[in-house]
file coords_14.cif (mmCIF, C-alpha atoms)
data_start
loop_
_atom_site.label_atom_id
_atom_site.label_comp_id
_atom_site.auth_asym_id
_atom_site.auth_seq_id
_atom_site.Cartn_x
_atom_site.Cartn_y
_atom_site.Cartn_z
CA MET M 26 118.84 50.43 113.20
CA ARG M 27 115.48 50.89 114.94
CA ILE M 28 114.47 53.75 117.15
CA GLU M 29 112.01 52.56 119.75
CA GLU M 30 110.96 53.06 123.33
CA ASP M 31 113.47 51.92 126.01
CA PRO M 32 111.76 48.96 127.75
CA SER M 33 113.36 49.94 131.03
CA ALA M 34 111.74 53.37 130.89
CA ALA M 35 108.36 52.02 131.94
CA GLY M 36 109.88 50.54 135.11
CA SER M 37 111.91 53.52 136.19
CA GLU M 38 111.62 54.54 139.78
CA PRO M 39 109.39 57.50 140.64
CA GLY M 40 111.37 60.70 140.89
CA ARG M 41 114.42 59.16 139.21
CA PRO M 42 115.89 61.41 136.51
CA ASP M 43 115.40 60.03 133.01
CA ASP M 44 118.45 58.97 131.05
CA ALA M 45 118.63 61.76 128.43
CA GLY M 46 120.85 59.67 126.23
CA SER M 47 118.48 56.71 125.88
CA PRO M 48 116.88 56.08 122.47
CA GLY M 49 113.43 56.21 124.00
CA ASN M 50 113.92 59.70 125.35
CA ILE M 51 115.38 60.95 122.07
CA ASN M 52 112.28 59.53 120.42
CA GLN M 53 110.10 61.38 122.91
CA VAL M 54 111.90 64.63 122.24
CA ILE M 55 111.61 64.30 118.45
CA VAL M 56 107.99 63.17 118.47
CA SER M 57 106.90 65.77 121.03
CA ALA M 58 104.04 68.13 120.29
CA SER M 59 106.17 70.62 118.38
CA ALA M 60 104.59 73.22 116.16
CA ASP M 61 107.32 72.46 113.62
CA GLY M 62 107.58 69.27 111.66
CA ILE M 63 110.58 67.19 112.72
CA ILE M 64 111.99 64.31 110.69
CA ALA M 65 115.02 62.11 111.46
CA VAL M 66 116.85 60.82 108.36
CA ASP M 67 119.76 58.36 108.23
CA GLU M 68 122.87 58.65 106.04
CA GLN M 69 121.14 56.76 103.23
CA GLY M 70 118.42 59.43 103.13
CA VAL M 71 115.77 57.13 104.61
CA ILE M 72 113.22 58.61 107.03
CA ARG M 73 113.56 56.87 110.40
CA LEU M 74 111.19 58.96 112.46
CA CYS M 75 108.73 61.86 112.12
CA ASN M 76 106.44 63.72 114.46
CA PRO M 77 102.72 64.44 113.90
CA ALA M 78 103.41 67.98 112.63
CA ALA M 79 105.69 66.56 109.91
CA ALA M 80 103.09 63.99 108.90
CA GLU M 81 100.54 66.79 108.62
CA LEU M 82 102.89 68.84 106.42
CA PHE M 83 103.39 65.89 104.07
CA ALA M 84 99.65 65.08 104.23
CA ARG M 85 100.60 61.43 104.82
CA PRO M 86 100.48 59.22 107.92
CA ALA M 87 103.77 58.81 109.76
CA GLU M 88 103.62 55.05 109.12
CA GLU M 89 103.77 55.71 105.36
CA LEU M 90 106.66 58.16 105.63
CA ILE M 91 108.94 56.05 107.84
CA GLY M 92 111.17 53.85 105.72
CA THR M 93 110.83 55.98 102.56
CA LEU M 94 113.45 58.25 101.00
CA PHE M 95 113.32 61.82 102.22
CA GLY M 96 114.21 63.15 98.78
CA PHE M 97 115.74 66.50 99.75
CA PRO M 98 119.43 67.49 100.15
CA LEU M 99 120.71 67.14 103.70
CA VAL M 100 123.40 69.67 104.62
CA ALA M 101 123.93 70.25 108.31
CA GLY M 102 123.59 73.89 109.30
CA ALA M 103 121.82 74.88 106.09
CA ALA M 104 118.40 76.52 105.92
CA THR M 105 116.57 76.16 102.63
CA GLY M 106 113.10 76.52 101.18
CA ILE M 107 111.53 73.44 99.64
CA ASP M 108 108.27 72.76 97.81
CA LEU M 109 106.32 69.80 99.17
CA MET M 110 104.07 68.23 96.53
CA LEU M 111 100.99 66.84 98.30
CA PRO M 112 99.44 63.46 97.41
CA GLY M 113 96.06 64.97 96.54
CA GLY M 114 97.52 67.75 94.45
CA GLY M 115 98.72 71.17 95.47
CA SER M 116 101.88 72.04 97.30
CA ARG M 117 103.29 73.68 100.40
CA VAL M 118 106.31 75.94 100.75
CA VAL M 119 108.40 74.75 103.70
CA GLU M 120 111.46 76.23 105.35
CA MET M 121 113.86 73.41 106.28
CA ARG M 122 116.75 73.58 108.76
CA ILE M 123 119.14 70.66 109.14
CA THR M 124 121.14 69.58 112.19
CA ALA M 125 123.27 66.45 112.58
CA THR M 126 123.43 64.21 115.61
CA PRO M 127 125.05 60.80 116.35
CA LEU M 128 122.84 58.07 117.78
CA GLU M 129 124.19 54.63 118.81
CA GLY M 130 127.14 55.11 116.51
CA GLU M 131 124.99 56.10 113.52
CA HIS M 132 124.91 59.54 111.95
CA LEU M 133 121.40 61.05 111.81
CA TYR M 134 120.15 64.23 110.22
CA VAL M 135 117.26 65.99 111.91
CA ALA M 136 115.23 68.23 109.61
CA THR M 137 113.06 70.89 111.22
CA LEU M 138 110.25 71.89 108.85
CA ARG M 139 108.12 75.01 109.10
CA ASP M 140 105.18 75.78 106.81
CA VAL M 141 105.79 79.23 105.29
CA THR M 142 103.26 78.93 102.44
CA ARG M 143 101.13 81.82 103.64
CA GLN M 144 104.18 83.97 104.38
CA ARG M 145 105.64 83.35 100.91
CA HIS M 146 102.26 84.02 99.31
CA GLU M 147 101.99 87.32 101.14
CA GLU M 148 105.56 88.22 100.14
CA ARG M 149 104.81 87.48 96.51
CA GLU M 150 101.59 89.48 96.71
CA MET M 151 103.52 92.40 98.16
CA GLU M 152 106.19 92.14 95.47
CA ALA M 153 103.50 92.01 92.78
CA ALA M 154 101.74 95.01 94.33
CA LEU M 155 104.99 96.98 94.35
CA ASP M 156 105.61 96.02 90.73
CA ARG M 157 102.10 97.15 89.79
CA GLN M 158 102.60 100.36 91.71
CA ASN M 159 105.87 101.06 89.90
CA VAL M 160 104.25 100.40 86.53
CA ALA M 161 101.28 102.57 87.47
CA VAL M 162 103.56 105.43 88.49
CA ALA M 163 105.54 105.11 85.24
CA ILE M 164 102.36 105.07 83.15
CA ALA M 165 100.86 107.96 85.08
CA ALA M 166 104.02 110.02 84.63
CA HIS M 167 104.03 109.27 80.90
CA GLU M 168 100.33 109.93 80.39
CA LEU M 169 100.34 113.07 82.55
CA HIS M 170 103.34 114.64 80.85
CA ASN M 171 101.86 115.46 77.44
CA PRO M 172 98.48 116.86 78.63
CA LEU M 173 100.16 118.95 81.31
CA ALA M 174 102.74 120.26 78.86
CA ALA M 175 99.99 121.16 76.39
CA ILE M 176 97.93 122.90 79.09
CA SER M 177 100.99 124.85 80.22
CA VAL M 178 101.69 126.10 76.69
CA LEU M 179 98.05 127.04 76.07
CA VAL M 180 97.81 128.89 79.38
CA ASP M 181 100.99 130.83 78.54
CA VAL M 182 99.43 131.85 75.22
CA LEU M 183 96.32 133.12 76.99
CA ARG M 184 98.40 135.07 79.51
CA ASP M 185 100.75 136.60 76.96
CA ARG M 186 99.53 140.16 76.45
CA LEU M 187 101.71 140.50 73.38
CA VAL M 188 99.72 137.85 71.54
CA ALA M 189 96.58 139.26 69.98
CA LEU M 190 93.84 136.66 69.96
CA ALA M 191 90.45 136.83 68.35
CA GLU M 192 87.53 135.74 70.49
CA GLU M 193 87.17 132.53 68.47
CA GLN M 194 90.84 131.68 68.96
CA ARG M 195 90.58 132.32 72.68
CA ALA M 196 87.48 130.11 72.91
CA GLU M 197 89.27 127.35 70.98
CA ILE M 198 92.24 127.46 73.36
CA VAL M 199 89.93 127.30 76.38
CA GLU M 200 88.16 124.31 74.83
CA ARG M 201 91.46 122.52 74.27
CA ILE M 202 92.46 123.18 77.88
CA ALA M 203 89.11 121.77 79.04
CA ASP M 204 89.60 118.70 76.85
CA ARG M 205 93.08 118.03 78.23
CA THR M 206 91.84 118.59 81.79
CA ALA M 207 89.03 116.06 81.24
CA ARG M 208 91.59 113.52 80.02
CA LEU M 209 93.67 114.06 83.14
CA GLN M 210 90.61 113.64 85.34
CA GLY M 211 89.78 110.37 83.56
CA LEU M 212 93.31 109.11 84.13
CA VAL M 213 93.17 109.98 87.82
CA ARG M 214 89.79 108.21 88.16
CA LYS M 215 91.24 105.05 86.62
CA LEU M 216 94.29 105.10 88.88
CA LEU M 217 92.13 105.68 91.97
CA THR M 218 89.72 102.90 90.98
CA ALA M 219 92.62 100.50 90.39
CA SER M 220 94.11 101.42 93.78
CA THR M 221 90.74 100.84 95.46
CA ILE M 222 90.38 97.40 93.86
CA ASP M 223 93.91 96.50 94.99
CA ALA M 224 93.28 97.75 98.51
CA ARG M 225 89.92 96.10 99.26
CA GLY M 226 89.29 93.78 96.33
CA ALA M 227 86.37 94.05 93.98
CA SER M 228 83.54 93.86 96.51
CA ALA M 229 80.22 95.49 95.87
CA SER M 230 77.09 96.68 97.64
CA LEU M 231 74.30 95.50 95.36
CA GLU M 232 71.28 97.71 94.81
CA ARG M 233 68.33 97.89 92.44
CA VAL M 234 69.28 99.84 89.29
CA PRO M 235 66.80 100.41 86.40
CA VAL M 236 69.09 99.79 83.41
CA LEU M 237 67.51 102.04 80.74
CA GLU M 238 67.32 105.06 83.04
CA PHE M 239 70.85 104.46 84.23
CA ILE M 240 72.34 104.17 80.71
CA LEU M 241 70.54 107.34 79.59
CA GLU M 242 72.04 109.22 82.53
CA ARG M 243 75.53 107.97 81.64
CA LEU M 244 75.12 108.87 77.97
CA GLY M 245 74.22 112.40 79.03
CA GLU M 246 77.63 112.59 80.71
CA VAL M 247 79.59 111.11 77.80
CA ASP M 248 82.54 113.29 76.89
CA GLY M 249 82.24 113.00 73.14
CA ARG M 250 79.37 112.44 70.72
CA PRO M 251 76.25 111.05 72.45
CA GLN M 252 74.39 111.41 69.15
CA ASP M 253 76.64 108.68 67.72
CA VAL M 254 75.30 106.18 70.26
CA HIS M 255 72.31 103.97 69.37
CA LEU M 256 70.56 102.56 72.44
CA SER M 257 68.33 99.51 72.75
CA CYS M 258 66.96 98.50 76.15
CA SER M 259 63.68 97.39 77.71
CA PRO M 260 62.27 99.91 80.24
CA GLU M 261 61.42 97.06 82.65
CA LEU M 262 64.97 95.73 82.87
CA VAL M 263 66.46 96.03 86.38
CA ALA M 264 69.97 94.98 87.47
CA MET M 265 71.24 94.23 90.96
CA VAL M 266 74.59 96.01 90.99
CA ASP M 267 76.64 98.63 92.79
CA ARG M 268 75.53 101.84 91.08
CA LYS M 269 78.90 103.60 91.31
CA GLU M 270 80.76 100.57 89.98
CA PHE M 271 78.22 100.05 87.18
CA SER M 272 78.91 103.65 86.19
CA ALA M 273 82.67 102.97 86.05
CA MET M 274 82.12 99.82 83.96
CA LEU M 275 79.89 101.55 81.41
CA GLU M 276 82.09 104.62 81.28
CA ASN M 277 85.18 102.54 80.48
CA TYR M 278 83.36 100.56 77.78
CA LEU M 279 82.08 103.74 76.12
CA GLU M 280 85.46 105.43 76.36
CA ASN M 281 87.07 102.37 74.80
CA ALA M 282 84.54 102.37 71.93
CA PHE M 283 85.07 106.07 71.16
CA ALA M 284 88.87 105.76 71.41
CA TYR M 285 89.40 102.65 69.29
CA GLY M 286 86.21 102.14 67.27
CA HIS M 287 84.08 104.08 64.84
CA PRO M 288 80.46 105.18 65.08
CA PRO M 289 77.75 104.26 65.32
CA ILE M 290 78.31 102.91 68.83
CA GLU M 291 75.53 100.48 69.67
CA VAL M 292 74.61 100.01 73.33
CA SER M 293 72.10 97.25 73.98
CA ALA M 294 70.82 95.70 77.19
CA PHE M 295 68.52 92.70 77.45
CA GLY M 296 67.44 90.14 79.98
CA ARG M 297 68.39 86.52 80.36
CA PRO M 298 67.21 84.14 83.09
CA GLY M 299 68.85 85.51 86.22
CA TRP M 300 71.05 87.94 84.28
CA VAL M 301 71.22 91.32 82.57
CA GLN M 302 73.55 91.49 79.60
CA VAL M 303 74.91 94.82 78.35
CA ARG M 304 76.79 95.07 75.04
CA VAL M 305 78.77 98.03 73.71
CA CYS M 306 79.65 97.50 70.03
CA ASP M 307 81.52 99.70 67.57
CA ARG M 308 82.33 99.62 63.85
CA GLY M 309 86.10 99.84 64.16
CA ALA M 310 88.81 97.39 63.14
CA GLY M 311 88.12 95.03 66.03
CA VAL M 312 90.74 93.37 68.24
CA PRO M 313 93.60 91.33 66.71
CA GLU M 314 92.88 87.65 67.37
CA ASP M 315 96.27 86.99 68.98
CA PHE M 316 95.73 89.84 71.44
CA VAL M 317 92.25 88.78 72.65
CA PRO M 318 93.55 86.53 75.50
CA ARG M 319 95.39 89.52 77.03
CA LEU M 320 92.68 92.08 76.36
CA PHE M 321 91.43 92.35 79.95
CA GLU M 322 94.83 92.17 81.63
CA ARG M 323 96.11 95.09 83.64
CA PHE M 324 98.22 97.61 81.67
CA SER M 325 97.63 95.63 78.48
CA ARG M 326 97.42 97.53 75.19
CA ALA M 327 97.60 96.14 71.68
CA PRO M 328 100.86 97.14 69.91
CA THR M 329 98.85 98.44 66.94
CA VAL M 330 97.13 101.10 69.07
CA GLU M 331 99.85 102.04 71.56
CA GLN M 332 101.19 104.81 69.35
CA GLU M 333 97.83 105.88 67.93
CA THR M 334 95.89 106.76 71.08
CA GLU M 335 96.52 107.73 74.66
CA GLY M 336 95.67 105.20 77.34
CA THR M 337 96.78 103.36 80.45
CA GLY M 338 95.65 99.83 79.64
CA LEU M 339 93.61 99.86 82.87
CA GLY M 340 90.07 100.39 81.58
CA LEU M 341 89.10 96.86 80.57
CA TRP M 342 90.87 95.34 83.59
CA ILE M 343 88.79 97.64 85.81
CA VAL M 344 85.57 96.57 84.05
CA ARG M 345 86.23 92.86 84.52
CA SER M 346 87.38 93.28 88.13
CA LEU M 347 84.27 95.27 89.05
CA ALA M 348 81.94 92.98 87.08
CA ARG M 349 83.22 89.90 88.90
CA GLY M 350 83.05 91.72 92.21
CA ASN M 351 79.36 92.28 91.46
CA GLY M 352 78.82 88.59 90.77
CA GLY M 353 78.95 88.96 86.98
CA ASP M 354 81.59 88.98 84.27
CA ALA M 355 82.98 90.90 81.30
CA TRP M 356 84.28 89.62 77.97
CA TYR M 357 84.91 90.42 74.29
CA GLU M 358 83.22 89.17 71.13
CA PRO M 359 83.98 90.09 67.49
CA GLY M 360 81.24 92.19 65.94
CA LYS M 361 78.99 90.46 63.40
CA ASP M 362 79.55 93.24 60.87
CA GLY M 363 83.10 93.99 61.90
CA GLY M 364 84.24 96.00 64.86
CA ALA M 365 84.29 94.96 68.49
CA CYS M 366 81.62 94.06 71.03
CA PHE M 367 82.39 94.35 74.72
CA CYS M 368 79.92 92.47 76.89
CA LEU M 369 78.91 92.79 80.51
CA ARG M 370 76.84 90.35 82.55
CA LEU M 371 75.21 91.48 85.79
CA ARG M 372 72.72 89.97 88.19
CA ARG M 373 69.08 90.59 87.34
CA GLU M 374 66.42 91.55 89.83
CA PRO M 375 64.37 88.45 90.63
CA THR M 376 60.92 88.54 89.05
CA SER M 377 57.86 87.34 90.93
#
call {"tool": "encode", "arguments": {"input": "coords_14.cif", "output": "structure tokens"}}
result
Amino acid sequence: MRIEEDPSAAGSEPGRPDDAGSPGNINQVIVSASADGIIAVDEQGVIRLCNPAAAELFARPAEELIGTLFGFPLVAGAATGIDLMLPGGGSRVVEMRITATPLEGEHLYVATLRDVTRQRHEEREMEAALDRQNVAVAIAAHELHNPLAAISVLVDVLRDRLVALAEEQRAEIVERIADRTARLQGLVRKLLTASTIDARGASASLERVPVLEFILERLGEVDGRPQDVHLSCSPELVAMVDRKEFSAMLENYLENAFAYGHPPIEVSAFGRPGWVQVRVCDRGAGVPEDFVPRLFERFSRAPTVEQETEGTGLGLWIVRSLARGNGGDAWYEPGKDGGACFCLRLRREPTS
């Protein structure tokens, strides 16, 4: 069977109503400028007609589609989602609705196709965001519980008038409370940074940052043993980076080195054509080889350290996200003398 224009249509009298049942008019209806793709398929599954929107969805001319097998189940009244594989690679997610209609004694299926690729992508992104949020809440609840419980107990000891405390004991308790509070503040910073990256992406406002001066400032704020850090950096080295985000990157690298490595911690920064490279290396056990591919993933922690140290598994993911948002990158290398080296590449100030 062929579907073609009715020859008599061209000679119809002006003002005369068109014959809605003629093949030509059905063709005009199906091939009209619809926003949806429309394809007519016969009982053998062969495409008999398609409109321009359908040809665009398939990324193939209508002439190529007509006469080929449709390739998808045809059930009248059903609405399904299908994946269209495109000739040049890639795919589209399409919502398909099927209706059946007789034409000149032949049974035809008419498939209405709507591109929902963007909608499905947004739905998946939302589902992934909700999953991440649930995991973040679970991790936060777990990581907050122990420090808060410890602080509560220590505060009760300080407030108990029946407990006689020497001045040294009281000072030690206060120090332990301060330590636990600092850990909680670090956790909150990580969660807020992760939420910010999720909300707006890792975008940065680049500015001129003298690297040596900046690292020295950060080392002065290190919560731990700054004397265990060996620094090597040229005074002339200048990076183009968001200062606040550079601070978060360096802070997470140093925290990671103190938590999982052993001193001395070596921080070095040097120039490459167009780039500044910063390395934070420790003398610990290094990273298990089979875990390296997942090292910078969100919420990822090696099984060997999960029970040994506190952590959210967010720090390295934050570093890489911020580094790439600043036009650079972050990665891991095994230390030459053992241990781990965490590397950071940032844009360098152009030299005249």
call {"tool": "closest_residue", "arguments": {"input": "coords_14.cif", "among": "M:Val234, M:Val263, M:Leu209, M:Leu279", "to": "Val247 in chain M", "atoms": "all atoms listed in the file"}}
result
M:Leu279
call {"tool": "resolve_selection", "arguments": {"input": "coords_14.cif", "expression": "the PyMOL selection byres ((chain M and resi 266-273) around 9)", "output": "NGL selection string"}}
result
:M and (215 or 218 or 229-234 or 239-240 or 243 or 264-265 or 274-278 or 343-344 or 347-348 or 351-352 or 371-373)
call {"tool": "resolve_selection", "arguments": {"input": "coords_14.cif", "expression": "the PyMOL selection byres ((chain M and resi 92) around 9)", "output": "PyMOL selection string"}}
result
chain M and resi 71-74+88-91+93-95
call {"tool": "atom_distance", "arguments": {"input": "coords_14.cif", "atom1": "CA of Gly130 in chain M", "atom2": "CA of Ile107 in chain M"}}
result
29.4 Å
call {"tool": "residues_around", "arguments": {"input": "coords_14.cif", "residues": "Gly296 in chain M", "least_positions_apart": "6", "cutoff": "12 Å", "atoms": "only C-alpha atoms", "output": "NGL selection string"}}
result
:M and (236-237 or 257-264 or 302-304 or 369-376)
call {"tool": "resolve_selection", "arguments": {"input": "coords_14.cif", "expression": "the PyMOL selection byres ((chain M and resi 307-310) around 7)", "output": "PyMOL selection string"}}
result
chain M and resi 282+285-291+305-306+311-312+363-366
call {"tool": "axis_aligned_box", "arguments": {"input": "coords_14.cif", "around": "range 114-126 of chain M", "padding_each_side": "8 Å", "output": "lines of an AutoDock Vina configuration file"}}
result
center_x = 110.5
center_y = 70.2
center_z = 105.0
size_x = 41.9
size_y = 28.0
size_z = 37.2
call {"tool": "atom_distance", "arguments": {"input": "coords_14.cif", "atom1": "CA of Asn76 in chain M", "atom2": "CA of Ile63 in chain M"}}
result
5.7 Å
call {"tool": "atom_distance", "arguments": {"input": "coords_14.cif", "atom1": "CA of Ile222 in chain M", "atom2": "CA of Val292 in chain M"}}
result
26.0 Å
call {"tool": "residues_around", "arguments": {"input": "coords_14.cif", "residues": "His146 in chain M", "least_positions_apart": "6", "cutoff": "12 Å", "atoms": "all atoms listed in the file", "output": "list of chain:residue names"}}
result
M:Arg117, M:Val118, M:Val119, M:Asp140, M:Glu152, M:Ala153
call {"tool": "closest_residue", "arguments": {"input": "coords_14.cif", "among": "M:Ala327, M:Ala84, M:Thr126, M:Arg208", "to": "Gly102 in chain M", "atoms": "all atoms listed in the file"}}
result
M:Thr126
call {"tool": "residues_around", "arguments": {"input": "coords_14.cif", "residues": "Ala207 in chain M", "least_positions_apart": "4", "cutoff": "12 Å", "atoms": "all atoms listed in the file", "output": "VMD selection string"}}
result
chain M and resid 169 172 to 173 176 200 to 203 211 to 214 246 to 249
call {"tool": "residues_around", "arguments": {"input": "coords_14.cif", "residues": "Ile123 in chain M", "least_positions_apart": "3", "cutoff": "7 Å", "atoms": "only C-alpha atoms", "output": "PyMOL selection string"}}
result
chain M and resi 99-104+134-137
call {"tool": "closest_residue", "arguments": {"input": "coords_14.cif", "among": "M:Ala80, M:Val301, M:Leu133, M:Ala189", "to": "Pro235 in chain M", "atoms": "only C-alpha atoms"}}
result
M:Val301
call {"tool": "closest_residue", "arguments": {"input": "coords_14.cif", "among": "M:Leu138, M:Val188, M:Met121, M:Leu217", "to": "Gly62 in chain M", "atoms": "only C-alpha atoms"}}
result
M:Leu138
